[in-house]
file my_file-v4.cif (mmCIF, C-alpha atoms)
data_input
loop_
_atom_site.label_atom_id
_atom_site.label_comp_id
_atom_site.auth_asym_id
_atom_site.auth_seq_id
_atom_site.Cartn_x
_atom_site.Cartn_y
_atom_site.Cartn_z
CA MET A 1 -4.16 -72.38 13.21
CA ALA A 2 -5.60 -75.20 11.11
CA SER A 3 -2.21 -76.95 10.51
CA THR A 4 -0.44 -78.47 13.54
CA GLN A 5 2.89 -78.51 11.70
CA PHE A 6 4.96 -75.53 10.58
CA GLU A 7 4.76 -76.41 6.88
CA CYS A 8 3.31 -75.08 3.58
CA GLN A 9 -0.39 -75.76 3.30
CA TYR A 10 0.01 -76.61 -0.39
CA CYS A 11 3.35 -78.43 -0.88
CA THR A 12 3.85 -79.45 2.80
CA THR A 13 7.47 -78.26 2.71
CA SER A 14 8.77 -77.30 6.12
CA LEU A 15 8.83 -73.54 6.63
CA LEU A 16 11.35 -73.50 9.45
CA GLY A 17 13.88 -70.76 8.76
CA LYS A 18 12.13 -69.79 5.51
CA LYS A 19 9.94 -66.90 4.36
CA TYR A 20 6.26 -67.68 4.30
CA VAL A 21 2.90 -66.01 3.83
CA LEU A 22 -0.12 -66.36 6.11
CA LYS A 23 -3.43 -66.34 4.26
CA ASP A 24 -6.81 -67.28 5.74
CA ASP A 25 -5.09 -68.92 8.74
CA HIS A 26 -2.97 -71.08 6.44
CA LEU A 27 0.79 -70.97 5.89
CA TYR A 28 2.23 -70.97 2.38
CA CYS A 29 5.76 -70.95 1.13
CA VAL A 30 6.48 -67.95 -1.07
CA SER A 31 6.66 -69.90 -4.31
CA CYS A 32 3.32 -71.67 -3.72
CA TYR A 33 1.64 -68.48 -2.62
CA ASP A 34 2.82 -66.59 -5.71
CA ARG A 35 1.76 -69.43 -8.00
CA ILE A 36 -1.72 -69.81 -6.45
CA PHE A 37 -2.74 -66.34 -5.35
CA SER A 38 -0.76 -63.70 -7.24
CA ASN A 39 -2.63 -61.25 -9.46
CA TYR A 40 -1.37 -60.54 -12.95
CA CYS A 41 -0.26 -57.06 -13.93
CA GLU A 42 -2.45 -55.30 -16.51
CA GLN A 43 0.59 -53.76 -18.12
CA CYS A 44 3.31 -56.45 -18.30
CA LYS A 45 1.03 -59.50 -17.81
CA GLU A 46 3.50 -60.96 -15.26
CA PRO A 47 2.42 -62.12 -11.79
CA ILE A 48 2.64 -59.58 -8.98
CA GLU A 49 4.62 -61.62 -6.47
CA SER A 50 4.39 -61.39 -2.71
CA ASP A 51 7.51 -59.26 -2.43
CA SER A 52 6.11 -56.64 -4.86
CA LYS A 53 3.54 -53.91 -4.19
CA ASP A 54 0.17 -54.69 -5.78
CA LEU A 55 -1.70 -51.56 -6.93
CA CYS A 56 -5.39 -52.21 -7.52
CA TYR A 57 -8.05 -50.11 -9.29
CA LYS A 58 -11.52 -51.46 -10.07
CA ASN A 59 -10.42 -55.11 -9.79
CA ARG A 60 -7.43 -54.53 -12.06
CA HIS A 61 -3.86 -54.88 -10.80
CA TRP A 62 -0.46 -53.38 -11.60
CA HIS A 63 3.11 -53.60 -10.42
CA GLU A 64 4.11 -50.30 -8.84
CA GLY A 65 6.54 -49.69 -11.70
CA CYS A 66 3.89 -50.48 -14.32
CA PHE A 67 1.26 -48.13 -12.96
CA LYS A 68 1.80 -45.37 -15.56
CA CYS A 69 -0.10 -43.00 -17.83
CA THR A 70 -0.74 -44.86 -21.08
CA LYS A 71 0.00 -41.72 -23.10
CA CYS A 72 3.03 -40.02 -21.55
CA ASP A 73 4.35 -43.02 -19.55
CA HIS A 74 4.74 -41.00 -16.36
CA SER A 75 4.14 -42.82 -13.08
CA LEU A 76 0.67 -42.47 -11.57
CA VAL A 77 1.67 -43.76 -8.12
CA GLU A 78 0.13 -41.46 -5.50
CA LYS A 79 -0.97 -39.02 -8.22
CA PRO A 80 -4.43 -38.13 -9.53
CA PHE A 81 -5.45 -39.95 -12.70
CA VAL A 82 -8.48 -40.57 -14.90
CA ALA A 83 -9.67 -43.86 -16.40
CA LYS A 84 -11.01 -43.50 -19.95
CA ASP A 85 -11.90 -46.40 -22.25
CA GLU A 86 -9.89 -48.85 -20.09
CA ARG A 87 -6.85 -46.53 -20.25
CA LEU A 88 -5.27 -44.71 -17.33
CA LEU A 89 -4.33 -41.09 -18.06
CA CYS A 90 -2.62 -38.46 -15.96
CA THR A 91 -4.63 -35.27 -15.53
CA ASP A 92 -2.50 -33.34 -18.02
CA CYS A 93 -2.95 -35.92 -20.79
CA TYR A 94 -6.62 -36.28 -20.04
CA SER A 95 -7.07 -32.51 -20.21
CA ASN A 96 -5.27 -32.27 -23.54
CA GLU A 97 -7.19 -35.17 -25.00
CA CYS A 98 -10.65 -34.93 -23.48
CA SER A 99 -11.27 -31.76 -21.48
CA SER A 100 -13.32 -28.82 -22.66
CA LYS A 101 -11.60 -25.58 -23.65
CA CYS A 102 -12.59 -22.41 -21.84
CA PHE A 103 -14.43 -20.11 -24.27
CA HIS A 104 -12.78 -17.08 -22.69
CA CYS A 105 -9.13 -17.98 -21.99
CA LYS A 106 -8.91 -20.96 -24.42
CA ARG A 107 -7.16 -23.08 -21.77
CA ASN A 108 -8.17 -26.59 -20.69
CA ILE A 109 -10.74 -26.95 -17.95
CA MET A 110 -9.06 -29.44 -15.63
CA PRO A 111 -10.92 -32.58 -14.54
CA GLY A 112 -12.65 -32.06 -11.21
CA SER A 113 -12.72 -28.26 -11.52
CA ARG A 114 -16.03 -26.50 -11.80
CA LYS A 115 -17.04 -25.38 -15.27
CA MET A 116 -19.93 -23.25 -16.50
CA GLU A 117 -21.90 -24.11 -19.63
CA PHE A 118 -23.91 -21.59 -21.66
CA LYS A 119 -25.17 -21.85 -25.24
CA GLY A 120 -23.00 -24.89 -25.95
CA ASN A 121 -19.75 -23.31 -24.75
CA TYR A 122 -17.77 -23.84 -21.54
CA TRP A 123 -15.98 -21.47 -19.17
CA HIS A 124 -13.82 -21.76 -16.08
CA GLU A 125 -15.97 -20.53 -13.22
CA THR A 126 -13.59 -17.59 -12.75
CA CYS A 127 -13.75 -16.73 -16.49
CA PHE A 128 -17.55 -16.68 -16.69
CA VAL A 129 -17.99 -13.06 -15.61
CA CYS A 130 -20.22 -10.07 -16.36
CA GLU A 131 -18.78 -8.06 -19.25
CA HIS A 132 -19.36 -4.81 -17.37
CA CYS A 133 -18.63 -5.35 -13.66
CA ARG A 134 -16.32 -8.37 -14.20
CA GLN A 135 -17.90 -10.23 -11.28
CA PRO A 136 -18.49 -14.02 -11.64
CA ILE A 137 -21.99 -14.75 -12.89
CA GLY A 138 -22.13 -18.35 -11.63
CA THR A 139 -25.71 -19.60 -11.70
CA LYS A 140 -27.27 -16.15 -11.37
CA PRO A 141 -29.63 -14.87 -14.11
CA LEU A 142 -27.84 -13.29 -17.06
CA ILE A 143 -28.64 -11.55 -20.34
CA SER A 144 -26.52 -12.21 -23.41
CA LYS A 145 -25.63 -9.68 -26.10
CA GLU A 146 -23.17 -9.80 -29.00
CA SER A 147 -20.69 -7.91 -26.85
CA GLY A 148 -20.84 -10.51 -24.05
CA ASN A 149 -22.81 -11.77 -21.08
CA TYR A 150 -24.14 -9.40 -18.45
CA CYS A 151 -25.58 -9.80 -14.99
CA VAL A 152 -29.10 -8.39 -14.80
CA PRO A 153 -28.25 -5.22 -12.79
CA CYS A 154 -25.47 -4.23 -15.22
CA PHE A 155 -27.59 -4.95 -18.27
CA GLU A 156 -30.43 -2.81 -16.94
CA LYS A 157 -28.00 -0.02 -16.14
CA GLU A 158 -26.22 -0.08 -19.52
CA PHE A 159 -28.74 -1.18 -22.11
CA ALA A 160 -32.25 -1.69 -20.86
CA HIS A 161 -35.33 0.03 -22.20
CA TYR A 162 -38.36 0.44 -20.00
CA CYS A 163 -41.96 -0.33 -20.83
CA ASN A 164 -44.09 2.79 -21.20
CA PHE A 165 -46.94 1.01 -19.43
CA CYS A 166 -45.53 -1.02 -16.52
CA LYS A 167 -42.19 0.85 -16.29
CA LYS A 168 -40.30 -2.45 -16.02
CA VAL A 169 -37.28 -3.47 -18.09
CA ILE A 170 -37.81 -4.88 -21.59
CA THR A 171 -35.20 -7.62 -21.92
CA SER A 172 -36.17 -8.83 -25.41
CA GLY A 173 -38.64 -8.04 -28.17
CA GLY A 174 -41.15 -5.32 -27.43
CA ILE A 175 -43.45 -2.99 -29.39
CA THR A 176 -42.59 0.54 -30.52
CA PHE A 177 -45.47 3.01 -30.80
CA ARG A 178 -45.16 6.79 -30.96
CA ASP A 179 -41.42 6.45 -30.15
CA GLN A 180 -42.28 4.63 -26.93
CA LEU A 181 -41.61 0.99 -26.04
CA TRP A 182 -44.00 -1.57 -24.58
CA HIS A 183 -43.77 -5.19 -23.57
CA LYS A 184 -45.85 -7.17 -26.03
CA GLU A 185 -48.14 -8.20 -23.20
CA CYS A 186 -48.50 -4.56 -22.07
CA PHE A 187 -49.44 -3.10 -25.46
CA LEU A 188 -53.22 -3.20 -25.02
CA CYS A 189 -56.29 -1.64 -26.59
CA SER A 190 -57.22 1.48 -24.63
CA GLY A 191 -60.85 0.44 -24.86
CA CYS A 192 -61.28 -3.31 -24.27
CA ARG A 193 -57.71 -4.00 -22.99
CA LYS A 194 -56.96 -6.89 -25.34
CA GLU A 195 -53.40 -7.40 -26.59
CA LEU A 196 -52.56 -5.63 -29.85
CA CYS A 197 -49.11 -7.11 -30.59
CA GLU A 198 -50.45 -9.21 -33.47
CA GLU A 199 -53.52 -7.11 -34.30
CA ALA A 200 -54.19 -4.24 -36.67
CA PHE A 201 -54.98 -1.15 -34.64
CA MET A 202 -55.75 2.56 -34.89
CA SER A 203 -54.73 5.44 -32.64
CA ARG A 204 -56.59 8.37 -31.22
CA ASP A 205 -54.92 11.12 -29.18
CA ASP A 206 -51.79 8.91 -28.98
CA PHE A 207 -53.77 6.00 -27.52
CA PRO A 208 -53.99 2.68 -29.41
CA PHE A 209 -57.34 1.02 -30.05
CA CYS A 210 -58.29 -2.28 -31.64
CA LEU A 211 -60.37 -1.86 -34.80
CA ASP A 212 -63.61 -2.82 -33.11
CA CYS A 213 -63.20 -0.25 -30.34
CA TYR A 214 -61.96 2.45 -32.69
CA ASN A 215 -64.80 1.91 -35.11
CA HIS A 216 -67.34 1.91 -32.30
CA LEU A 217 -65.97 5.00 -30.60
CA TYR A 218 -64.49 7.22 -33.31
CA ALA A 219 -64.83 6.06 -36.90
CA LYS A 220 -67.01 8.03 -39.31
CA LYS A 221 -69.88 6.08 -40.81
CA CYS A 222 -70.42 5.75 -44.53
CA ALA A 223 -73.49 7.74 -45.64
CA ALA A 224 -74.47 4.88 -47.96
CA CYS A 225 -73.78 1.59 -46.11
CA THR A 226 -73.47 3.07 -42.57
CA LYS A 227 -70.39 0.92 -41.89
CA PRO A 228 -67.27 2.49 -40.32
CA ILE A 229 -64.71 4.19 -42.55
CA THR A 230 -61.27 3.28 -41.21
CA GLY A 231 -58.88 4.23 -44.00
CA LEU A 232 -56.85 1.06 -43.26
CA ARG A 233 -54.36 -0.27 -45.80
CA GLY A 234 -54.73 2.84 -47.97
CA ALA A 235 -58.50 2.49 -48.40
CA LYS A 236 -59.92 5.62 -50.07
CA PHE A 237 -63.02 7.49 -49.03
CA ILE A 238 -64.95 10.52 -50.17
CA CYS A 239 -65.85 13.54 -48.03
CA PHE A 240 -68.53 16.06 -48.97
CA GLN A 241 -69.75 18.65 -46.53
CA ASP A 242 -70.31 16.72 -43.29
CA ARG A 243 -70.75 13.30 -44.90
CA GLN A 244 -68.35 10.51 -45.89
CA TRP A 245 -68.55 7.52 -48.22
CA HIS A 246 -66.39 4.51 -48.94
CA SER A 247 -65.12 5.03 -52.47
CA GLU A 248 -66.98 1.89 -53.56
CA CYS A 249 -70.19 3.27 -52.00
CA PHE A 250 -70.01 6.70 -53.67
CA ASN A 251 -72.55 5.90 -56.37
CA CYS A 252 -75.52 7.55 -58.06
CA GLY A 253 -78.63 7.06 -55.93
CA LYS A 254 -80.66 6.19 -59.02
CA CYS A 255 -78.54 4.26 -61.55
CA SER A 256 -75.73 3.21 -59.11
CA VAL A 257 -72.90 4.33 -61.44
CA SER A 258 -69.73 5.28 -59.54
CA LEU A 259 -69.30 8.99 -58.96
CA VAL A 260 -65.64 8.83 -57.91
CA GLY A 261 -63.78 11.49 -59.89
CA GLU A 262 -67.00 12.58 -61.61
CA GLY A 263 -69.23 15.60 -61.26
CA PHE A 264 -72.44 14.89 -59.41
CA LEU A 265 -75.68 16.50 -58.28
CA THR A 266 -77.22 16.56 -54.81
CA GLN A 267 -80.78 16.69 -53.68
CA ASN A 268 -81.36 16.72 -49.95
CA THR A 269 -79.36 13.67 -48.76
CA GLU A 270 -79.23 12.00 -52.17
CA ILE A 271 -76.45 12.18 -54.77
CA PHE A 272 -76.94 11.60 -58.47
CA CYS A 273 -74.92 11.47 -61.63
CA ARG A 274 -75.48 14.41 -63.94
CA LYS A 275 -77.76 12.41 -66.21
CA CYS A 276 -80.06 11.16 -63.45
CA GLY A 277 -80.00 14.43 -61.54
CA SER A 278 -80.73 16.67 -64.52
CA GLY A 279 -84.43 15.82 -64.40
CA ALA A 280 -84.63 16.42 -60.71
CA ASP A 281 -84.35 19.61 -58.75
CA ALA A 282 -80.71 18.84 -57.84
CA SER A 283 -77.78 21.09 -57.15
CA ASP A 284 -74.65 20.73 -59.34
CA VAL A 285 -71.34 19.97 -57.64
#
call {"tool": "encode", "arguments": {"input": "my_file-v4.cif", "output": "structure tokens"}}
result
Amino acid sequence: MASTQFECQYCTTSLLGKKYVLKDDHLYCVSCYDRIFSNYCEQCKEPIESDSKDLCYKNRHWHEGCFKCTKCDHSLVEKPFVAKDERLLCTDCYSNECSSKCFHCKRNIMPGSRKMEFKGNYWHETCFVCEHCRQPIGTKPLISKESGNYCVPCFEKEFAHYCNFCKKVITSGGITFRDQLWHKECFLCSGCRKELCEEAFMSRDDFPFCLDCYNHLYAKKCAACTKPITGLRGAKFICFQDRQWHSECFNCGKCSVSLVGEGFLTQNTEIFCRKCGSGADASDV
């Protein structure tokens, strides 16, 4: 011990028969120790003397009787608590003031308990369950509908449609064709195999084709311009015997006047209006 006499290190008063405090190998009388070393209570601002219990949290100090919830004033000694904005709160007050509400049961989600978040809402882990089998979903994949959240096996069992091409479940979107469903990425041209989900297409024998493939494989050719006749978007065309024309191509072969809705004359592969065909050896239609 640094001092050879049994006296207070600070005031040198004899400590014989008196209470004292040993700190860093030095002796102090109680009054000197309290004056020099005591911490001040956060609540009452009075010194926490040597004969009182000093409760410390993050370099802040309280008397045992002052260590209380700042909202309900209940003691926090040996109880769980939460520090928020320099305030100490018991778990009940913290839950009422700060905790999330469970979307299912509407009760507080207690601090420290596990909560699940989905689409901006929160659930107790035990409340976040499949709407059908009632088993906890946890972090497993899920599919959400207006009626609730479903684990993948239950959703497939209750609601799923299957792709006509790959036979796998369609979870969202999809294409309907001939009362059958396809994934967008599975709805392909039967000729060149390109995706048709955002393309105009034609069908033949219940198979879809892009316009290029359909025109190349099946479309009739206009007898005048030789281009395909598709009939898309209500386009009109003219049929006569084994030949077809776009309505805008069905014109007199001599004067080019439109023959749509008019009588006309034919000579071999040519068609004429009545005026131009009357001088030729043409057949009346």
call {"tool": "closest_residue", "arguments": {"input": "my_file-v4.cif", "among": "A:Lys145, A:Phe240, A:Phe118, A:Trp123", "to": "Lys106 of chain A", "atoms": "all atoms listed in the file"}}
result
A:Trp123
call {"tool": "resolve_selection", "arguments": {"input": "my_file-v4.cif", "expression": "the PyMOL selection byres ((chain A and resi 33) around 10)", "output": "short mmCIF file (atom, residue, chain, number, x, y, z; two decimals) with C-alpha atoms, in the coordinates of the input"}}
result
data_model
loop_
_atom_site.label_atom_id
_atom_site.label_comp_id
_atom_site.auth_asym_id
_atom_site.auth_seq_id
_atom_site.Cartn_x
_atom_site.Cartn_y
_atom_site.Cartn_z
CA CYS A 8 3.31 -75.08 3.58
CA GLN A 9 -0.39 -75.76 3.30
CA TYR A 10 0.01 -76.61 -0.39
CA TYR A 20 6.26 -67.68 4.30
CA VAL A 21 2.90 -66.01 3.83
CA LEU A 22 -0.12 -66.36 6.11
CA LYS A 23 -3.43 -66.34 4.26
CA LEU A 27 0.79 -70.97 5.89
CA TYR A 28 2.23 -70.97 2.38
CA CYS A 29 5.76 -70.95 1.13
CA VAL A 30 6.48 -67.95 -1.07
CA SER A 31 6.66 -69.90 -4.31
CA CYS A 32 3.32 -71.67 -3.72
CA ASP A 34 2.82 -66.59 -5.71
CA ARG A 35 1.76 -69.43 -8.00
CA ILE A 36 -1.72 -69.81 -6.45
CA PHE A 37 -2.74 -66.34 -5.35
CA SER A 38 -0.76 -63.70 -7.24
CA GLU A 49 4.62 -61.62 -6.47
CA SER A 50 4.39 -61.39 -2.71
#
call {"tool": "axis_aligned_box", "arguments": {"input": "my_file-v4.cif", "around": "segment 126-131 of chain A", "padding_each_side": "8 Å", "output": "lines of an AutoDock Vina configuration file"}}
result
center_x = -16.9
center_y = -12.8
center_z = -16.0
size_x = 22.6
size_y = 25.5
size_z = 22.5
call {"tool": "resolve_selection", "arguments": {"input": "my_file-v4.cif", "expression": "the PyMOL selection byres ((chain A and resi 93-102) around 8)", "output": "PyMOL selection string"}}
result
chain A and resi 71-72+82+89-92+103-111+121-124+127
call {"tool": "atom_distance", "arguments": {"input": "my_file-v4.cif", "atom1": "atom CA of Phe250 of chain A", "atom2": "atom CA of Ala219 of chain A"}}
result
17.6 Å
call {"tool": "resolve_selection", "arguments": {"input": "my_file-v4.cif", "expression": "the PyMOL selection byres ((chain A and resi 221) around 12)", "output": "ChimeraX atom specification"}}
result
/A:214-220,222-231,237-239,242-246,249
call {"tool": "closest_residue", "arguments": {"input": "my_file-v4.cif", "among": "A:Met116, A:Met202, A:Ala83, A:Ile143", "to": "Cys189 of chain A", "atoms": "all atoms listed in the file"}}
result
A:Met202
call {"tool": "atom_distance", "arguments": {"input": "my_file-v4.cif", "atom1": "atom CA of Lys79 of chain A", "atom2": "atom CA of Phe128 of chain A"}}
result
29.1 Å
call {"tool": "residues_around", "arguments": {"input": "my_file-v4.cif", "residues": "segment 51-58 of chain A", "least_positions_apart": "6", "cutoff": "9 Å", "atoms": "all atoms listed in the file", "output": "ChimeraX atom specification"}}
result
/A:30,39,41,64,67,77
call {"tool": "atom_distance", "arguments": {"input": "my_file-v4.cif", "atom1": "atom CA of Pro141 of chain A", "atom2": "atom CA of Trp182 of chain A"}}
result
22.2 Å
call {"tool": "residues_near_point", "arguments": {"input": "my_file-v4.cif", "point": "(-56.8, -6.7, -34.7)", "cutoff": "12 Å", "atoms": "all atoms listed in the file", "output": "JSON, numbers by chain"}}
result
{"A": [188, 189, 192, 194, 195, 196, 197, 198, 199, 200, 201, 202, 208, 209, 210, 211, 212, 213, 214, 215, 232]}
call {"tool": "write_last_selection", "arguments": {"input": "my_file-v4.cif", "atoms": "C-alpha atoms", "output": "short mmCIF file (atom, residue, chain, number, x, y, z; two decimals), in the frame of the given file"}}
result
data_model
loop_
_atom_site.label_atom_id
_atom_site.label_comp_id
_atom_site.auth_asym_id
_atom_site.auth_seq_id
_atom_site.Cartn_x
_atom_site.Cartn_y
_atom_site.Cartn_z
CA LEU A 188 -53.22 -3.20 -25.02
CA CYS A 189 -56.29 -1.64 -26.59
CA CYS A 192 -61.28 -3.31 -24.27
CA LYS A 194 -56.96 -6.89 -25.34
CA GLU A 195 -53.40 -7.40 -26.59
CA LEU A 196 -52.56 -5.63 -29.85
CA CYS A 197 -49.11 -7.11 -30.59
CA GLU A 198 -50.45 -9.21 -33.47
CA GLU A 199 -53.52 -7.11 -34.30
CA ALA A 200 -54.19 -4.24 -36.67
CA PHE A 201 -54.98 -1.15 -34.64
CA MET A 202 -55.75 2.56 -34.89
CA PRO A 208 -53.99 2.68 -29.41
CA PHE A 209 -57.34 1.02 -30.05
CA CYS A 210 -58.29 -2.28 -31.64
CA LEU A 211 -60.37 -1.86 -34.80
CA ASP A 212 -63.61 -2.82 -33.11
CA CYS A 213 -63.20 -0.25 -30.34
CA TYR A 214 -61.96 2.45 -32.69
CA ASN A 215 -64.80 1.91 -35.11
CA LEU A 232 -56.85 1.06 -43.26
#
call {"tool": "residues_near_point", "arguments": {"input": "my_file-v4.cif", "point": "(-0.6, -52.0, -21.9)", "cutoff": "10 Å", "atoms": "all atoms listed in the file", "output": "list in words"}}
result
Cys41, Glu42, Gln43, Cys44, Lys45, Cys66, Phe67, Lys68, Cys69, Thr70, Glu86, Arg87 and Leu88 of chain A
call {"tool": "write_last_selection", "arguments": {"input": "my_file-v4.cif", "atoms": "C-alpha atoms", "output": "PDB file, in the frame of the given file"}}
result
ATOM      1  CA  CYS A  41      -0.260 -57.060 -13.930  1.00  0.00           C
ATOM      2  CA  GLU A  42      -2.450 -55.300 -16.510  1.00  0.00           C
ATOM      3  CA  GLN A  43       0.590 -53.760 -18.120  1.00  0.00           C
ATOM      4  CA  CYS A  44       3.310 -56.450 -18.300  1.00  0.00           C
ATOM      5  CA  LYS A  45       1.030 -59.500 -17.810  1.00  0.00           C
ATOM      6  CA  CYS A  66       3.890 -50.480 -14.320  1.00  0.00           C
ATOM      7  CA  PHE A  67       1.260 -48.130 -12.960  1.00  0.00           C
ATOM      8  CA  LYS A  68       1.800 -45.370 -15.560  1.00  0.00           C
ATOM      9  CA  CYS A  69      -0.100 -43.000 -17.830  1.00  0.00           C
ATOM     10  CA  THR A  70      -0.740 -44.860 -21.080  1.00  0.00           C
ATOM     11  CA  GLU A  86      -9.890 -48.850 -20.090  1.00  0.00           C
ATOM     12  CA  ARG A  87      -6.850 -46.530 -20.250  1.00  0.00           C
ATOM     13  CA  LEU A  88      -5.270 -44.710 -17.330  1.00  0.00           C
TER      14      LEU A  88
END
call {"tool": "build_atoms", "arguments": {"input": "my_file-v4.cif", "residues": "segment 13-21 of chain A", "atoms": "all heavy atoms", "output": "PDB file, in the coordinates of the input"}}
result
ATOM      1  N   THR A  13       6.048 -78.478   2.410  1.00  0.00           N
ATOM      2  CA  THR A  13       7.470 -78.260   2.710  1.00  0.00           C
ATOM      3  C   THR A  13       7.580 -77.539   4.041  1.00  0.00           C
ATOM      4  O   THR A  13       6.805 -76.628   4.345  1.00  0.00           O
ATOM      5  CB  THR A  13       8.123 -77.421   1.595  1.00  0.00           C
ATOM      6  OG1 THR A  13       8.033 -78.133   0.366  1.00  0.00           O
ATOM      7  CG2 THR A  13       9.585 -77.135   1.916  1.00  0.00           C
ATOM      8  N   SER A  14       8.551 -77.952   4.835  1.00  0.00           N
ATOM      9  CA  SER A  14       8.770 -77.300   6.120  1.00  0.00           C
ATOM     10  C   SER A  14       9.147 -75.839   5.902  1.00  0.00           C
ATOM     11  O   SER A  14       9.922 -75.497   5.009  1.00  0.00           O
ATOM     12  CB  SER A  14       9.893 -77.997   6.895  1.00  0.00           C
ATOM     13  OG  SER A  14      10.181 -77.275   8.085  1.00  0.00           O
ATOM     14  N   LEU A  15       8.585 -74.978   6.747  1.00  0.00           N
ATOM     15  CA  LEU A  15       8.830 -73.540   6.630  1.00  0.00           C
ATOM     16  C   LEU A  15       9.815 -73.034   7.677  1.00  0.00           C
ATOM     17  O   LEU A  15      10.024 -71.814   7.772  1.00  0.00           O
ATOM     18  CB  LEU A  15       7.494 -72.786   6.751  1.00  0.00           C
ATOM     19  CG  LEU A  15       6.434 -73.106   5.685  1.00  0.00           C
ATOM     20  CD1 LEU A  15       5.138 -72.371   5.993  1.00  0.00           C
ATOM     21  CD2 LEU A  15       6.945 -72.744   4.300  1.00  0.00           C
ATOM     22  N   LEU A  16      10.401 -73.916   8.417  1.00  0.00           N
ATOM     23  CA  LEU A  16      11.350 -73.500   9.450  1.00  0.00           C
ATOM     24  C   LEU A  16      12.531 -72.770   8.825  1.00  0.00           C
ATOM     25  O   LEU A  16      13.182 -73.275   7.903  1.00  0.00           O
ATOM     26  CB  LEU A  16      11.844 -74.722  10.232  1.00  0.00           C
ATOM     27  CG  LEU A  16      10.798 -75.398  11.135  1.00  0.00           C
ATOM     28  CD1 LEU A  16      11.375 -76.684  11.712  1.00  0.00           C
ATOM     29  CD2 LEU A  16      10.384 -74.439  12.241  1.00  0.00           C
ATOM     30  N   GLY A  17      12.781 -71.571   9.265  1.00  0.00           N
ATOM     31  CA  GLY A  17      13.880 -70.760   8.760  1.00  0.00           C
ATOM     32  C   GLY A  17      13.656 -70.204   7.378  1.00  0.00           C
ATOM     33  O   GLY A  17      14.605 -69.690   6.772  1.00  0.00           O
ATOM     34  N   LYS A  18      12.429 -70.280   6.858  1.00  0.00           N
ATOM     35  CA  LYS A  18      12.130 -69.790   5.510  1.00  0.00           C
ATOM     36  C   LYS A  18      11.056 -68.692   5.566  1.00  0.00           C
ATOM     37  O   LYS A  18      10.287 -68.607   6.522  1.00  0.00           O
ATOM     38  CB  LYS A  18      11.640 -70.928   4.614  1.00  0.00           C
ATOM     39  CG  LYS A  18      12.658 -72.047   4.408  1.00  0.00           C
ATOM     40  CD  LYS A  18      12.065 -73.144   3.532  1.00  0.00           C
ATOM     41  CE  LYS A  18      13.053 -74.281   3.332  1.00  0.00           C
ATOM     42  NZ  LYS A  18      12.481 -75.374   2.497  1.00  0.00           N
ATOM     43  N   LYS A  19      11.018 -67.896   4.505  1.00  0.00           N
ATOM     44  CA  LYS A  19       9.940 -66.900   4.360  1.00  0.00           C
ATOM     45  C   LYS A  19       8.640 -67.626   4.054  1.00  0.00           C
ATOM     46  O   LYS A  19       8.640 -68.629   3.334  1.00  0.00           O
ATOM     47  CB  LYS A  19      10.240 -65.903   3.246  1.00  0.00           C
ATOM     48  CG  LYS A  19      11.346 -64.919   3.572  1.00  0.00           C
ATOM     49  CD  LYS A  19      11.491 -63.899   2.434  1.00  0.00           C
ATOM     50  CE  LYS A  19      12.559 -62.869   2.752  1.00  0.00           C
ATOM     51  NZ  LYS A  19      12.695 -61.865   1.667  1.00  0.00           N
ATOM     52  N   TYR A  20       7.569 -67.086   4.562  1.00  0.00           N
ATOM     53  CA  TYR A  20       6.260 -67.680   4.300  1.00  0.00           C
ATOM     54  C   TYR A  20       5.202 -66.581   4.318  1.00  0.00           C
ATOM     55  O   TYR A  20       5.442 -65.445   4.735  1.00  0.00           O
ATOM     56  CB  TYR A  20       5.944 -68.763   5.334  1.00  0.00           C
ATOM     57  CG  TYR A  20       5.802 -68.248   6.746  1.00  0.00           C
ATOM     58  CD1 TYR A  20       4.575 -67.815   7.240  1.00  0.00           C
ATOM     59  CD2 TYR A  20       6.918 -68.182   7.583  1.00  0.00           C
ATOM     60  CE1 TYR A  20       4.462 -67.348   8.531  1.00  0.00           C
ATOM     61  CE2 TYR A  20       6.816 -67.708   8.869  1.00  0.00           C
ATOM     62  CZ  TYR A  20       5.565 -67.282   9.342  1.00  0.00           C
ATOM     63  OH  TYR A  20       5.458 -66.789  10.614  1.00  0.00           O
ATOM     64  N   VAL A  21       4.027 -66.956   3.870  1.00  0.00           N
ATOM     65  CA  VAL A  21       2.900 -66.010   3.830  1.00  0.00           C
ATOM     66  C   VAL A  21       1.719 -66.656   4.539  1.00  0.00           C
ATOM     67  O   VAL A  21       1.411 -67.844   4.295  1.00  0.00           O
ATOM     68  CB  VAL A  21       2.506 -65.659   2.374  1.00  0.00           C
ATOM     69  CG1 VAL A  21       1.330 -64.683   2.363  1.00  0.00           C
ATOM     70  CG2 VAL A  21       3.700 -65.086   1.617  1.00  0.00           C
TER      71      VAL A  21
END
